[in-house]
$ cat data-v7.cif   # mmCIF, C-alpha atoms
data_work
loop_
_atom_site.label_atom_id
_atom_site.label_comp_id
_atom_site.auth_asym_id
_atom_site.auth_seq_id
_atom_site.Cartn_x
_atom_site.Cartn_y
_atom_site.Cartn_z
CA MET A 27 117.22 88.69 109.83
CA ALA A 28 115.09 85.54 109.72
CA LEU A 29 114.29 84.04 106.34
CA GLU A 30 110.57 83.27 105.98
CA LYS A 31 108.56 81.50 103.28
CA SER A 32 104.88 81.73 102.38
CA GLU A 33 102.38 81.24 99.60
CA ALA A 34 101.11 84.58 98.32
CA VAL A 35 99.14 86.64 95.80
CA VAL A 36 100.19 90.15 94.79
CA LEU A 37 97.58 92.76 95.72
CA ARG A 38 99.44 95.86 94.50
CA THR A 39 102.90 97.23 93.78
CA TYR A 40 104.15 100.78 94.37
CA ASN A 41 107.21 101.95 92.43
CA TRP A 42 109.50 104.31 94.34
CA SER A 43 112.66 104.30 92.22
CA GLU A 44 113.79 103.21 88.77
CA SER A 45 114.85 99.84 90.14
CA SER A 46 112.87 99.27 93.34
CA ARG A 47 109.31 99.09 94.60
CA THR A 48 107.13 97.98 97.48
CA ALA A 49 104.85 95.01 96.88
CA VAL A 50 101.82 94.26 99.04
CA PHE A 51 100.99 90.56 99.21
CA PHE A 52 98.14 88.55 100.65
CA THR A 53 99.89 85.54 102.18
CA ASP A 54 98.57 82.34 103.71
CA ARG A 55 100.82 82.59 106.81
CA PHE A 56 101.14 86.31 107.48
CA GLY A 57 97.97 87.87 106.04
CA LYS A 58 98.50 91.21 104.30
CA LEU A 59 102.22 91.76 104.03
CA PRO A 60 104.11 94.71 102.45
CA LEU A 61 107.63 93.84 101.32
CA VAL A 62 110.42 96.00 99.90
CA ASP A 63 111.41 94.62 96.50
CA LYS A 64 114.82 96.25 96.24
CA GLY A 65 116.15 96.09 92.69
CA GLY A 66 113.16 94.04 91.61
CA ARG A 67 112.28 96.39 88.73
CA SER A 68 115.73 96.15 87.20
CA ALA A 69 116.14 94.17 84.00
CA LYS A 70 119.22 92.58 85.61
CA SER A 71 117.27 91.23 88.55
CA LYS A 72 117.37 87.44 88.87
CA ARG A 73 114.35 87.43 91.14
CA GLY A 74 111.17 85.80 89.88
CA ARG A 75 108.55 88.09 88.35
CA LEU A 76 105.72 89.45 90.47
CA ILE A 77 102.84 88.36 88.27
CA PRO A 78 99.38 89.63 89.18
CA PHE A 79 96.56 87.09 89.53
CA ALA A 80 99.00 84.27 90.22
CA HIS A 81 99.58 81.84 93.09
CA LEU A 82 103.16 82.46 94.22
CA GLU A 83 105.67 81.19 96.73
CA ILE A 84 107.78 83.98 98.20
CA THR A 85 110.79 84.02 100.51
CA PHE A 86 111.65 87.17 102.41
CA TYR A 87 113.80 88.56 105.18
CA LYS A 88 112.00 89.70 108.30
CA SER A 89 113.50 91.40 111.34
CA GLU A 90 111.86 92.14 114.69
CA LYS A 91 114.02 95.28 114.98
CA GLN A 92 113.08 96.83 111.61
CA THR A 93 109.69 97.91 110.31
CA SER A 94 110.47 96.87 106.73
CA ALA A 95 110.77 93.32 105.43
CA TYR A 96 112.58 92.50 102.19
CA LEU A 97 111.60 90.18 99.35
CA ARG A 98 114.31 87.66 98.51
CA ASP A 99 112.75 85.47 95.83
CA CYS A 100 109.49 84.59 94.13
CA ASP A 101 108.37 81.43 92.33
CA ILE A 102 105.15 80.80 90.42
CA ILE A 103 103.00 77.94 91.68
CA ARG A 104 100.10 78.60 89.33
CA GLU A 105 99.32 81.45 86.95
CA PHE A 106 95.63 82.15 86.32
CA SER A 107 95.33 83.22 82.71
CA LEU A 108 92.65 85.82 82.03
CA GLU A 109 93.41 86.02 78.30
CA LYS A 110 90.10 84.50 77.19
CA PRO A 111 86.83 85.84 75.76
CA GLY A 112 85.72 88.56 78.16
CA THR A 113 89.30 89.47 79.10
CA LEU A 114 88.40 93.05 80.05
CA GLY A 115 85.76 91.84 82.50
CA ARG A 116 88.06 89.14 83.93
CA LEU A 117 90.82 91.70 84.53
CA ALA A 118 88.36 94.15 86.08
CA TYR A 119 86.92 91.59 88.47
CA GLY A 120 90.40 90.33 89.36
CA SER A 121 91.56 93.90 90.07
CA ALA A 122 88.41 94.67 92.09
CA ALA A 123 88.98 91.61 94.30
CA SER A 124 92.63 92.58 94.86
CA GLU A 125 91.73 96.16 95.74
CA LEU A 126 88.95 95.05 98.07
CA LEU A 127 91.41 92.87 100.01
CA LEU A 128 94.08 95.58 99.96
CA LEU A 129 91.68 98.04 101.61
CA LEU A 130 89.93 95.72 104.06
CA LEU A 131 92.53 93.22 105.25
CA PRO A 132 94.25 94.03 108.54
CA GLU A 133 98.03 93.91 108.25
CA GLY A 134 99.90 90.99 109.73
CA GLU A 135 96.88 88.81 110.61
CA ALA A 136 96.77 85.39 108.99
CA GLN A 137 93.56 84.63 107.06
CA PRO A 138 94.20 81.12 105.66
CA VAL A 139 90.53 80.40 104.87
CA LEU A 140 90.14 83.65 102.97
CA PHE A 141 93.47 83.12 101.19
CA ALA A 142 92.31 79.72 99.92
CA TYR A 143 89.00 81.30 98.90
CA LEU A 144 90.86 83.93 96.84
CA LEU A 145 92.72 81.20 94.96
CA ARG A 146 89.42 79.47 94.15
CA TYR A 147 87.99 82.81 93.01
CA LEU A 148 90.92 83.47 90.65
CA ALA A 149 90.49 80.00 89.20
CA ARG A 150 86.79 80.61 88.69
CA ILE A 151 87.13 83.95 86.89
CA SER A 152 89.82 82.47 84.65
CA GLU A 153 87.77 79.40 83.70
CA SER A 154 84.08 80.41 83.71
CA ASP A 155 82.08 81.80 80.81
CA ARG A 156 81.90 85.61 80.84
CA GLN A 157 78.13 85.64 81.56
CA TYR A 158 78.84 84.21 85.03
CA LEU A 159 81.63 86.62 86.01
CA PRO A 160 79.40 89.26 87.69
CA ALA A 161 77.67 86.72 89.95
CA ILE A 162 81.01 85.11 90.85
CA PHE A 163 82.40 88.50 91.87
CA ILE A 164 79.33 89.44 93.90
CA GLY A 165 79.51 86.08 95.67
CA PHE A 166 83.19 86.72 96.42
CA PHE A 167 82.42 90.26 97.61
CA LEU A 168 79.74 89.02 100.02
CA ARG A 169 81.81 86.11 101.39
CA THR A 170 84.90 88.29 101.84
CA MET A 171 82.91 90.87 103.79
CA SER A 172 81.44 88.12 105.96
CA GLN A 173 84.86 86.62 106.68
CA LEU A 174 86.07 90.06 107.81
CA GLY A 175 83.05 90.73 110.01
CA TYR A 176 80.79 92.74 107.67
CA HIS A 177 77.48 90.98 107.09
CA PRO A 178 74.68 92.98 105.40
CA SER A 179 71.11 91.99 106.18
CA LEU A 180 69.70 90.63 102.91
CA ALA A 181 67.03 88.19 104.10
CA TYR A 182 65.05 90.44 106.46
CA CYS A 183 64.40 94.08 107.38
CA VAL A 184 67.11 95.62 109.59
CA GLY A 185 64.45 97.60 111.45
CA CYS A 186 61.74 95.10 112.35
CA SER A 187 63.24 91.75 111.19
CA LYS A 188 60.37 91.17 108.76
CA ASP A 189 61.24 88.39 106.31
CA LEU A 190 62.22 89.28 102.73
CA GLU A 191 59.24 87.43 101.27
CA ASP A 192 56.84 89.23 103.63
CA ILE A 193 58.33 92.58 102.58
CA ALA A 194 58.07 91.60 98.91
CA ALA A 195 54.40 90.70 99.30
CA VAL A 196 53.57 94.26 100.40
CA ARG A 197 55.42 96.18 97.67
CA GLY A 198 57.19 95.39 94.44
CA LYS A 199 60.35 97.39 95.14
CA LEU A 200 62.62 97.03 98.14
CA MET A 201 65.03 99.52 99.67
CA PHE A 202 68.62 98.87 100.70
CA SER A 203 70.26 101.20 103.22
CA PRO A 204 74.10 101.15 103.18
CA GLU A 205 74.14 103.10 106.45
CA ARG A 206 71.71 100.84 108.34
CA GLY A 207 73.25 97.73 106.87
CA GLY A 208 70.64 96.05 104.71
CA LEU A 209 67.06 95.85 103.51
CA VAL A 210 64.50 98.23 104.99
CA CYS A 211 60.75 97.70 104.69
CA SER A 212 58.38 100.60 103.99
CA SER A 213 57.31 100.82 107.65
CA CYS A 214 60.90 101.25 108.86
CA GLN A 215 62.10 103.78 106.27
CA LYS A 216 63.08 107.22 107.54
CA PRO A 217 62.62 110.55 105.70
CA GLY A 218 65.87 111.93 104.30
CA GLU A 219 67.75 108.64 104.55
CA TYR A 220 69.66 107.42 101.48
CA TYR A 221 68.35 104.22 99.89
CA ILE A 222 69.14 102.12 96.84
CA GLY A 223 66.04 100.62 95.26
CA LEU A 224 66.13 96.90 94.46
CA SER A 225 63.60 94.71 92.74
CA VAL A 226 62.35 91.63 94.57
CA GLN A 227 64.38 89.46 92.17
CA GLN A 228 67.57 91.46 92.83
CA ALA A 229 67.12 91.22 96.59
CA ARG A 230 66.55 87.48 96.33
CA LEU A 231 69.65 87.13 94.17
CA LEU A 232 71.83 88.94 96.72
CA SER A 233 70.44 86.74 99.49
CA VAL A 234 71.16 83.59 97.45
CA LEU A 235 74.70 84.70 96.52
CA GLN A 236 75.44 85.55 100.16
CA ARG A 237 75.11 81.83 100.95
CA ALA A 238 76.37 80.41 97.65
CA SER A 239 79.70 78.73 96.96
CA LEU A 240 81.76 80.00 94.04
CA ASP A 241 80.77 76.91 92.06
CA GLU A 242 77.10 77.72 92.66
CA ALA A 243 77.61 81.40 91.77
CA ALA A 244 79.24 80.26 88.52
CA THR A 245 75.87 78.92 87.34
CA VAL A 246 74.06 82.27 87.66
CA PRO A 247 74.02 84.39 84.47
CA LEU A 248 73.96 88.09 85.31
CA GLY A 249 74.33 91.17 83.11
CA PHE A 250 76.95 93.84 83.86
CA LYS A 251 74.25 96.54 84.09
CA GLU A 252 72.25 94.75 86.79
CA ALA A 253 75.44 93.68 88.57
CA SER A 254 76.55 97.32 88.70
CA LEU A 255 73.53 98.24 90.84
CA LEU A 256 74.11 95.33 93.24
CA VAL A 257 77.81 96.14 93.55
CA GLU A 258 76.93 99.79 94.24
CA ALA A 259 74.78 98.71 97.18
CA LEU A 260 77.49 96.45 98.61
CA ALA A 261 80.25 99.03 98.08
CA GLY A 262 78.20 101.66 99.91
CA PHE A 263 77.63 99.24 102.78
CA VAL A 264 81.27 98.23 103.19
CA LYS A 265 82.55 101.79 102.84
CA HIS A 266 80.25 103.02 105.59
CA HIS A 267 80.78 100.15 108.03
CA SER A 268 84.53 99.66 107.52
CA GLY A 269 85.36 103.36 107.75
CA LEU A 270 86.97 103.49 104.30
CA ILE A 271 87.75 107.05 103.30
CA SER A 272 88.43 106.51 99.59
CA ASP A 273 86.23 104.83 97.01
CA ILE A 274 87.17 101.45 95.60
CA LYS A 275 88.57 102.59 92.26
CA SER A 276 88.24 99.24 90.51
CA LEU A 277 84.50 99.28 91.17
CA GLU A 278 84.21 102.58 89.30
CA PHE A 279 85.74 100.84 86.28
CA LEU A 280 83.31 97.94 86.69
CA ASP A 281 80.46 100.45 86.46
CA LYS A 282 81.73 101.50 83.02
CA LEU A 283 81.59 97.90 81.83
CA LYS A 284 77.79 97.85 82.00
CA SER A 285 77.59 99.65 78.65
CA SER A 286 80.73 98.12 77.12
CA GLN A 287 80.67 95.48 74.41
CA LEU A 288 84.27 94.51 75.29
CA SER A 289 83.41 92.88 78.61
#
$ encode --input "data-v7.cif" --output "structure tokens"
Amino acid sequence: MALEKSEAVVLRTYNWSESSRTAVFFTDRFGKLPLVDKGGRSAKSKRGRLIPFAHLEITFYKSEKQTSAYLRDCDIIREFSLEKPGTLGRLAYGSAASELLLLLLPEGEAQPVLFAYLLRYLARISESDRQYLPAIFIGFFLRTMSQLGYHPSLAYCVGCSKDLEDIAAVRGKLMFSPERGGLVCSSCQKPGEYYIGLSVQQARLLSVLQRASLDEAATVPLGFKEASLLVEALAGFVKHHSGLISDIKSLEFLDKLKSSQLS
């Protein structure tokens, strides 16, 4: 077996015995990578801990003849602490980002730009004031979808290409169609089709965050309740166009935060 090394972030672990588990990593060199962590759950294990929301360096054994690869060691490069005011929200947005990548990333395809972007995102949600967390996550959601080939139409109508501002001038409320992939003006709406209503300000915000850097998103205060509606629209879009069968569970938890005082 060849010994490989890569930077990585843990996306999820699955326990399958009292001492062992499978860990799914997002790595800079190999993309999404599941590794068998044999004996890693044991208290006697000398292997480094698999800390969530941390920048790691992993070494592992990989064989061309076997389907499974095996984790050998793990070292922490940087741990992003989420133990700050708004911890519940920070953990929820960290988990939602991890689950989004777990579901959407193709296995074994390197995504170095997106990997670096994830590290910047983890730094941002660990350092920024809690009022900016929703906008940071929505910016991450939009950029991640774009990197993976999913780009909702947020600046013009998907039916007739009418500009957002022209649509807004005709009516005060806009419609977003997850199935058709973006905003739909009143002239292009179809009876019986499912829509999510957005205000002009919400549509503009999505359009701005689609182009914004994480640093720029971290200057936009946004409430959890309003963010929940925007995330619902994006989750519906990505589920329909990526072919996801299951819902993104972490996003359901985010929806509960809109009425929580703990976020």
$ resolve_selection --input "data-v7.cif" --expression "the PyMOL selection byres ((chain A and resi 225) around 10)" --output "tab-separated table (two decimals) with C-alpha atoms, in the coordinates of the input"
chain	number	residue	atom	x	y	z
A	194	ALA	CA	58.07	91.60	98.91
A	197	ARG	CA	55.42	96.18	97.67
A	198	GLY	CA	57.19	95.39	94.44
A	199	LYS	CA	60.35	97.39	95.14
A	200	LEU	CA	62.62	97.03	98.14
A	201	MET	CA	65.03	99.52	99.67
A	223	GLY	CA	66.04	100.62	95.26
A	224	LEU	CA	66.13	96.90	94.46
A	226	VAL	CA	62.35	91.63	94.57
A	227	GLN	CA	64.38	89.46	92.17
A	228	GLN	CA	67.57	91.46	92.83
A	229	ALA	CA	67.12	91.22	96.59
A	230	ARG	CA	66.55	87.48	96.33
A	231	LEU	CA	69.65	87.13	94.17
$ closest_residue --input "data-v7.cif" --among "A:Arg116, A:Phe202, A:Pro247, A:Leu235" --to "A:Glu219" --atoms "only C-alpha atoms"
A:Phe202
$ residues_around --input "data-v7.cif" --residues "stretch 240-246 of chain A" --least-positions-apart "2" --cutoff "6 Å" --atoms "all atoms listed in the file" --output "list of chain:residue names"
A:Tyr158, A:Ala161, A:Ile162, A:Ala238
$ resolve_selection --input "data-v7.cif" --expression "the PyMOL selection byres ((chain A and resi 94) around 8)" --output "ChimeraX atom specification"
/A:60-62,88-89,92-93,95-96
$ resolve_selection --input "data-v7.cif" --expression "the PyMOL selection byres ((chain A and resi 50) around 9)" --output "list of chain:residue names"
A:Val35, A:Val36, A:Leu37, A:Arg38, A:Thr39, A:Tyr40, A:Thr48, A:Ala49, A:Phe51, A:Phe52, A:Lys58, A:Leu59, A:Pro60, A:Leu61, A:Val62, A:Leu128
$ atom_distance --input "data-v7.cif" --atom1 "atom CA of A:Asp101" --atom2 "atom CA of A:Ser276"
26.9 Å
$ residues_around --input "data-v7.cif" --residues "stretch 130-135 of chain A" --least-positions-apart "6" --cutoff "10 Å" --atoms "all atoms listed in the file" --output "PyMOL selection string"
chain A and resi 50+52-60+170-171+174+264-265+268-270
$ closest_residue --input "data-v7.cif" --among "A:Ala181, A:Ile164, A:Val234, A:Leu260" --to "A:Glu205" --atoms "all atoms listed in the file"
A:Leu260
$ closest_residue --input "data-v7.cif" --among "A:Asp99, A:Glu105, A:Asp63, A:Glu44" --to "A:Ile77" --atoms "all atoms listed in the file"
A:Glu105
$ decode --input "data-v7.cif" --residues "stretch 149-190 of chain A" --atoms "C-alpha atoms" --output "short mmCIF file (atom, residue, chain, number, x, y, z; two decimals), in the first residue's frame"
data_model
loop_
_atom_site.label_atom_id
_atom_site.label_comp_id
_atom_site.auth_asym_id
_atom_site.auth_seq_id
_atom_site.Cartn_x
_atom_site.Cartn_y
_atom_site.Cartn_z
CA ALA A 149 -12.31 30.98 10.23
CA ARG A 150 -15.09 33.46 9.54
CA ILE A 151 -17.79 31.68 11.55
CA SER A 152 -15.37 31.28 14.45
CA GLU A 153 -14.32 34.95 14.49
CA SER A 154 -17.32 37.03 13.34
CA ASP A 155 -20.06 38.49 15.50
CA ARG A 156 -23.16 36.28 15.66
CA GLN A 157 -25.32 38.81 13.75
CA TYR A 158 -23.24 38.15 10.62
CA LEU A 159 -23.32 34.34 10.75
CA PRO A 160 -26.47 33.86 8.61
CA ALA A 161 -25.15 36.03 5.75
CA ILE A 162 -21.75 34.30 5.89
CA PHE A 163 -23.42 30.91 5.59
CA ILE A 164 -25.69 31.98 2.73
CA GLY A 165 -22.65 33.39 0.91
CA PHE A 166 -20.85 30.08 1.45
CA PHE A 167 -23.91 28.13 0.29
CA LEU A 168 -24.16 30.15 -2.94
CA ARG A 169 -20.42 30.02 -3.73
CA THR A 170 -20.22 26.28 -3.02
CA MET A 171 -23.14 25.58 -5.35
CA SER A 172 -21.52 27.72 -8.04
CA GLN A 173 -18.18 25.91 -7.69
CA LEU A 174 -19.98 22.59 -8.16
CA GLY A 175 -21.98 23.75 -11.17
CA TYR A 176 -25.27 24.86 -9.58
CA HIS A 177 -25.95 28.54 -10.22
CA PRO A 178 -29.46 29.85 -9.42
CA SER A 179 -30.69 32.85 -11.38
CA LEU A 180 -30.97 35.68 -8.84
CA ALA A 181 -30.46 38.78 -10.98
CA TYR A 182 -33.05 38.16 -13.71
CA CYS A 183 -36.15 36.14 -14.57
CA VAL A 184 -35.41 32.55 -15.68
CA GLY A 185 -38.27 32.74 -18.17
CA CYS A 186 -37.77 36.00 -20.06
CA SER A 187 -34.42 37.29 -18.68
CA LYS A 188 -36.06 40.47 -17.36
CA ASP A 189 -33.73 42.26 -14.93
CA LEU A 190 -34.40 42.04 -11.18
#
